[in-house]
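This report concerns only the one structure given below.
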Amino acid sequence: MRHPPRLFALLSGAALVLASSAFAAMGTASGAAAPSCTVQYSVAGQWAGGFQGALTVTNNGAALTGWSLGFDFPAGQTVAQGWGAKWSQTGAAVTAANESWNATLGTGASVTAGFIASWSGANTAPRGFTLNGTPCDTGPGPDPTPTAPAPTPTPTPTSTPTPTPTGPTDPTDPVPGAPELSVIGNRLTDQNGATRRLLGVNRSGGEFMCVQGNGIFDGPVDDASVRAIADWKANTVRIPLNEECWLGLDNIKPEYRGAAYAEAVKGLVGRVLARGMTPVVELHWTYGQYTGNSSGCADVHASCQKPMPDARYAPQFWTSVANTFKNDRRVVFDLFNEPYPDRATSTTGQAWACWRDGGTCQGIGYEVAGMQDLVDAVRATGARNLVLVPGIAYSNDLSQWLTHSPTDPTGNLAAAWHVYNFNACSNEACWDSTLAPIAARVPLVAGEIGENTCGHGFIDRVMNWFDARALSYLGWTWNTWNCNSGPALITSYDGTPTSFGIGLRDRLRSLN
């Protein structure tokens, strides 16, 4: 988000996996049965009257140019909405048909789709899977009702034994306080395996005050002000940082750079942790002169949002930050605020290549550090902390994130997305087509949500969409600015909300 001139709810539950393989007759007495497809079913989160499920189907037969997965819900469950497929239901029969972007399903290829559904009485696993009419299972799966242990199934010669969860299928108890977050499939999980969501606010100031010579943070960051955030029932605070201030470059006043700046940041991180919340440290403003399309400033220094991080200092920044926090996996790393190489390049393909690989990028006059460079810098320190990776178009476009995502040896990456009412991808149709496929594969975190209306009608829609899918979001911003230009969540650091902030505050409290 650009700035003025001066300037949990937990849907817990370990995944319950049902893997079933279908066998089609070969037509010979002596030949072994040939599998036609494999379906994996999981419940990522369950709550009173509702749950989130996912299905991954692997095609073991001939390549398909269109597919339709069918199954039955035997206990009256009803699909309310879904993603990754076109969902429909008639009585107990549910169908998930391909979208245009995932219609091709080659031999050995898999596709995943997810849904939100209601249940009552018992949440029995679906059965009777078919792929384009060909059976994919031969018997019922386990019953993932959360209040009783799952029975141990008896294998038969014609079906693959269904794995039995270890212990009762009650939702796993989350660890108290801020968790050490890990990526399991498309979920964020804590040390106990409980599903976690990042729900909270941004605390702006650390990115601009120091480079403007006015301090380190904009407003108080003492324990009372952090407690006020926790009183909203937030569980996460995102902390934007300035590259030059952290590294102590000599264009920054001595009292606001280097060790003084880093100690102030560590102090805020510690107070956030002490209040049981997750701190997200994020690289916001960086070095490098850019005067092209949508330039925020002509300054070579880190005094505005640049289209991409620079190769000169950004890897150094992340090496230093990762070394500082690598022994505390409760701290999350957000690689770069809002990349916009698409404003400088001729094609979207060039923008995504620049985003991932960096180097010499069209229209950008400095050497760029790509997202892969920054992931490499973090992991080279031995840090295993969760890393958030934003998209392009000011983090509002994730359309090619899966295709271009950087490689992480720890597998601990999540996608970061930003949205305001004035962005291009700011409606449910775009979220269904662009975000849902991402959320079906990796954890999705809306690092900034906001609007410039001084109301909360738009973020209400965003939160509705994200809540329905048990995803994460953080409001911009916990600062006492004018809510039109900020936008600002509060009028006072005691937590008094603006008209805009009321929407986020009330939602966070309702989820707790």
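Here's how to read the names in the structure tokens: chain A, B, ... by the order shown, residue numbers from 1 in each chain, ligand numbers from 1 in the order shown.
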
Please, which residues of stretch 44-293 of chain A, numbered as in this document, come out strand (DSSP E) from DSSP, as a PyMOL selection string?
chain A and resi 44-47+50-59+68-72+78-83+86-90+93-97+110-118+127-131+134-135+182-184+187-189+195-196+199-202+236-242+278-285

Neighbour list for A:Pro487 as a PyMOL selection string, cut-off 10 Å, only C-alpha atoms, skip fewer than 4 positions in-chain:
chain A and resi 1-4+420+449-455+475-483+498+500-501

Go ahead and save the picked residues with N, CA, C and O atoms, as a compact mmCIF listing (two decimals), in the first residue's frame.
# COMPACT_ATOMS: atom_id res chain seq x y z
N MET A 1 0.85 -1.19 0.00
CA MET A 1 0.00 0.00 0.00
C MET A 1 0.88 1.23 0.00
O MET A 1 1.90 1.28 0.67
N ARG A 2 0.50 2.24 -0.77
CA ARG A 2 1.22 3.50 -0.74
C ARG A 2 0.81 4.30 0.49
O ARG A 2 -0.20 4.04 1.11
N HIS A 3 1.60 5.33 0.82
CA HIS A 3 1.45 5.99 2.10
C HIS A 3 1.22 7.48 1.93
O HIS A 3 1.54 8.07 0.90
N PRO A 4 0.74 8.16 3.00
CA PRO A 4 0.69 9.61 3.01
C PRO A 4 2.10 10.16 2.87
O PRO A 4 3.08 9.46 3.15
N TYR A 420 -7.47 -4.13 -2.63
CA TYR A 420 -8.22 -2.93 -2.26
C TYR A 420 -9.37 -2.78 -3.25
O TYR A 420 -9.35 -3.38 -4.33
N ILE A 449 -5.64 -6.05 3.16
CA ILE A 449 -6.98 -5.82 2.62
C ILE A 449 -7.42 -4.44 3.09
O ILE A 449 -7.10 -4.02 4.20
N GLY A 450 -8.12 -3.71 2.22
CA GLY A 450 -8.54 -2.38 2.60
C GLY A 450 -9.40 -1.73 1.55
O GLY A 450 -9.63 -2.27 0.47
N GLU A 451 -9.88 -0.53 1.86
CA GLU A 451 -10.67 0.26 0.92
C GLU A 451 -10.54 1.73 1.30
O GLU A 451 -10.23 2.08 2.44
N ASN A 452 -10.77 2.59 0.32
CA ASN A 452 -10.61 4.03 0.53
C ASN A 452 -11.95 4.74 0.69
O ASN A 452 -12.10 5.89 0.31
N THR A 453 -12.92 4.05 1.25
CA THR A 453 -14.27 4.60 1.37
C THR A 453 -14.61 5.05 2.79
O THR A 453 -15.67 5.62 3.01
N CYS A 454 -13.72 4.77 3.74
CA CYS A 454 -14.00 4.97 5.17
C CYS A 454 -15.15 4.10 5.65
O CYS A 454 -15.70 4.33 6.73
N GLY A 455 -15.51 3.11 4.88
CA GLY A 455 -16.48 2.11 5.28
C GLY A 455 -15.84 0.75 5.22
O GLY A 455 -14.64 0.62 4.99
N GLY A 475 -5.64 -6.66 7.90
CA GLY A 475 -6.14 -5.35 7.50
C GLY A 475 -5.04 -4.30 7.46
O GLY A 475 -4.13 -4.29 8.30
N TRP A 476 -5.12 -3.41 6.51
CA TRP A 476 -4.24 -2.25 6.41
C TRP A 476 -5.04 -1.03 6.86
O TRP A 476 -6.10 -0.76 6.29
N THR A 477 -4.57 -0.27 7.85
CA THR A 477 -3.39 -0.44 8.65
C THR A 477 -3.66 0.10 10.04
O THR A 477 -4.53 0.97 10.22
N TRP A 478 -2.90 -0.37 11.05
CA TRP A 478 -3.05 0.06 12.44
C TRP A 478 -2.28 1.36 12.64
O TRP A 478 -1.25 1.43 13.30
N ASN A 479 -2.77 2.42 12.01
CA ASN A 479 -2.20 3.76 12.13
C ASN A 479 -3.33 4.77 12.16
O ASN A 479 -4.41 4.52 11.60
N THR A 480 -3.08 5.91 12.76
CA THR A 480 -4.13 6.92 12.91
C THR A 480 -4.07 7.93 11.77
O THR A 480 -3.85 9.13 11.98
N TRP A 481 -4.26 7.46 10.56
CA TRP A 481 -4.27 8.33 9.39
C TRP A 481 -5.71 8.64 8.99
O TRP A 481 -6.66 8.11 9.56
N ASN A 482 -5.83 9.48 7.99
CA ASN A 482 -7.14 9.68 7.37
C ASN A 482 -7.53 8.40 6.67
O ASN A 482 -6.78 7.86 5.86
N CYS A 483 -8.71 7.87 6.96
CA CYS A 483 -9.07 6.56 6.43
C CYS A 483 -9.27 6.58 4.92
O CYS A 483 -9.29 5.52 4.29
N THR A 498 -11.82 3.30 13.38
CA THR A 498 -12.52 4.15 12.42
C THR A 498 -13.76 3.41 11.94
O THR A 498 -13.98 2.24 12.26
N PHE A 500 -14.13 2.37 9.05
CA PHE A 500 -13.54 1.28 8.28
C PHE A 500 -13.07 0.16 9.21
O PHE A 500 -13.33 -1.03 8.99
N GLY A 501 -12.39 0.55 10.30
CA GLY A 501 -11.83 -0.44 11.21
C GLY A 501 -12.85 -1.27 11.95
O GLY A 501 -12.57 -2.40 12.36

Quick one: residues within 12 Å of A:Gln289, only C-alpha atoms, excluding same-chain residues fewer than 4 positions away - as number ranges by chain?
A: 285, 295-310, 363-368

When DSSP works through the backbone of this structure, what residues of stretch 150-359 of chain A end up as alpha helix (DSSP H), shown as number ranges by chain?
A: 223-231, 243-247, 258-274, 314-325, 348-357

Near A:Val462, within 12 Å and counting only C-alpha atoms, which residues show up once chain neighbours fewer than 6 positions away are dropped, as JSON, numbers by chain?
{"A": [417, 418, 419, 420, 421, 425, 426, 427, 428, 429, 430, 431, 432, 435, 445, 446, 448, 449, 450, 451, 456, 468, 469, 471, 472, 473, 474, 475, 503, 504, 507]}

With 12 Å as the cut-off and only C-alpha atoms counted, what is the closest atom pair between each nearby residue of stretch 404-468 of chain A and stretch 54-72 of chain A? Distances in Å to one decimal, ordered by chain and number, as CSV.
residue,atom,partner,partner_atom,distance
A:Pro437,CA,A:Ala54,CA,11.9
A:Ala439,CA,A:Ala54,CA,10.9
A:Ala440,CA,A:Ala54,CA,7.8
A:Arg441,CA,A:Ala54,CA,10.1

What is the atom CA of A:Ala311-atom CA of A:Ala264 distance in Å, reported with one decimal?
25.5 Å

Find the spatial neighbours of stretch 388-401 of chain A, counting only C-alpha atoms, within a cut-off of 8 Å - ignore same-chain residues fewer than 3 positions away - and output them as a ChimeraX atom specification.
/A:332-343,351-352,355,371,404-405,413-419,423-425,434-435,438,445

d(atom CA of A:Val269, atom CA of A:Thr407) in Å:
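Separating atom CA of A:Val269 from atom CA of A:Thr407 is a distance of 27.5 Å.
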
Correct to one decimal, the distance atom CA of A:Arg312-atom CA of A:Met209 is 22.2 Å

Measuring atom to atom with only C-alpha atoms, identify which of A:Gln81, A:Gln212, A:Ser492, A:Thr172 is nearest to A:Asn251.
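Closest to A:Asn251, using only C-alpha atoms: A:Gln212.
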
Which is closest to A:Pro443 among A:Ala85, A:Val79, A:Leu283, A:Leu386, if we use only C-alpha atoms?
A:Leu386

Between stretch 302-388 of chain A and stretch 180-184 of chain A, at 9 Å or less, what are the per-residue closest atom pairs and their distances in Å? Count only C-alpha atoms, order by chain and rising residue number, and return it as JSON lines.
{"residue": "A:Asp328", "atom": "CA", "partner": "A:Glu180", "partner_atom": "CA", "distance": 7.9}
{"residue": "A:Arg329", "atom": "CA", "partner": "A:Glu180", "partner_atom": "CA", "distance": 5.0}
{"residue": "A:Arg330", "atom": "CA", "partner": "A:Glu180", "partner_atom": "CA", "distance": 4.4}
{"residue": "A:Val331", "atom": "CA", "partner": "A:Glu180", "partner_atom": "CA", "distance": 7.7}
{"residue": "A:Val332", "atom": "CA", "partner": "A:Leu181", "partner_atom": "CA", "distance": 8.1}
{"residue": "A:Arg384", "atom": "CA", "partner": "A:Ser182", "partner_atom": "CA", "distance": 8.9}
{"residue": "A:Asn385", "atom": "CA", "partner": "A:Leu181", "partner_atom": "CA", "distance": 7.4}
{"residue": "A:Leu386", "atom": "CA", "partner": "A:Leu181", "partner_atom": "CA", "distance": 6.2}

Keeping only N, CA and C atoms, write the selected residues as a PDB file, in the first residue's frame.
ATOM      1  N   ASP A 328      13.837 -18.597  15.892  1.00  0.00           N
ATOM      2  CA  ASP A 328      12.473 -18.476  16.411  1.00  0.00           C
ATOM      3  C   ASP A 328      11.505 -18.626  15.244  1.00  0.00           C
ATOM      4  N   ARG A 329      11.030 -19.833  15.027  1.00  0.00           N
ATOM      5  CA  ARG A 329      10.181 -20.103  13.868  1.00  0.00           C
ATOM      6  C   ARG A 329       8.772 -19.545  14.017  1.00  0.00           C
ATOM      7  N   ARG A 330       8.499 -18.868  15.111  1.00  0.00           N
ATOM      8  CA  ARG A 330       7.218 -18.176  15.240  1.00  0.00           C
ATOM      9  C   ARG A 330       7.178 -16.917  14.383  1.00  0.00           C
ATOM     10  N   VAL A 331       8.343 -16.428  13.953  1.00  0.00           N
ATOM     11  CA  VAL A 331       8.431 -15.224  13.122  1.00  0.00           C
ATOM     12  C   VAL A 331       8.290 -15.623  11.662  1.00  0.00           C
ATOM     13  N   VAL A 332       7.421 -14.912  10.936  1.00  0.00           N
ATOM     14  CA  VAL A 332       7.163 -15.178   9.519  1.00  0.00           C
ATOM     15  C   VAL A 332       7.877 -14.130   8.674  1.00  0.00           C
ATOM     16  N   ARG A 384      14.252 -21.895   8.696  1.00  0.00           N
ATOM     17  CA  ARG A 384      13.149 -22.708   8.194  1.00  0.00           C
ATOM     18  C   ARG A 384      11.807 -22.016   8.422  1.00  0.00           C
ATOM     19  N   ASN A 385      11.842 -20.736   8.740  1.00  0.00           N
ATOM     20  CA  ASN A 385      10.617 -19.974   8.991  1.00  0.00           C
ATOM     21  C   ASN A 385       9.711 -19.983   7.777  1.00  0.00           C
ATOM     22  N   LEU A 386       8.405 -19.857   8.015  1.00  0.00           N
ATOM     23  CA  LEU A 386       7.444 -19.695   6.929  1.00  0.00           C
ATOM     24  C   LEU A 386       7.786 -18.449   6.131  1.00  0.00           C
TER      25      LEU A 386
END

Test item: residues at most 9 Å from A:Gln89, only C-alpha atoms, excluding those fewer than 6 positions along its chain, as a list of chain:residue names:
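Contacts, in chain order: A:Thr78, A:Val79, A:Thr95, A:Ala96.
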
Atoms to include: N, CA, C and O atoms. Write the selected residues as a PDB file, in the first residue's frame.
ATOM      1  N   THR A  78     -24.247 -31.097   2.385  1.00  0.00           N
ATOM      2  CA  THR A  78     -24.601 -30.270   1.227  1.00  0.00           C
ATOM      3  C   THR A  78     -23.473 -29.305   0.914  1.00  0.00           C
ATOM      4  O   THR A  78     -23.038 -28.533   1.780  1.00  0.00           O
ATOM      5  N   VAL A  79     -22.978 -29.335  -0.303  1.00  0.00           N
ATOM      6  CA  VAL A  79     -21.906 -28.435  -0.738  1.00  0.00           C
ATOM      7  C   VAL A  79     -22.483 -27.029  -0.912  1.00  0.00           C
ATOM      8  O   VAL A  79     -23.440 -26.836  -1.659  1.00  0.00           O
ATOM      9  N   THR A  95     -21.239 -33.557  -8.081  1.00  0.00           N
ATOM     10  CA  THR A  95     -20.386 -33.580  -9.277  1.00  0.00           C
ATOM     11  C   THR A  95     -19.434 -32.401  -9.236  1.00  0.00           C
ATOM     12  O   THR A  95     -19.840 -31.273  -8.953  1.00  0.00           O
ATOM     13  N   ALA A  96     -18.162 -32.681  -9.528  1.00  0.00           N
ATOM     14  CA  ALA A  96     -17.147 -31.641  -9.687  1.00  0.00           C
ATOM     15  C   ALA A  96     -16.583 -31.786 -11.091  1.00  0.00           C
ATOM     16  O   ALA A  96     -15.867 -32.752 -11.381  1.00  0.00           O
TER      17      ALA A  96
END
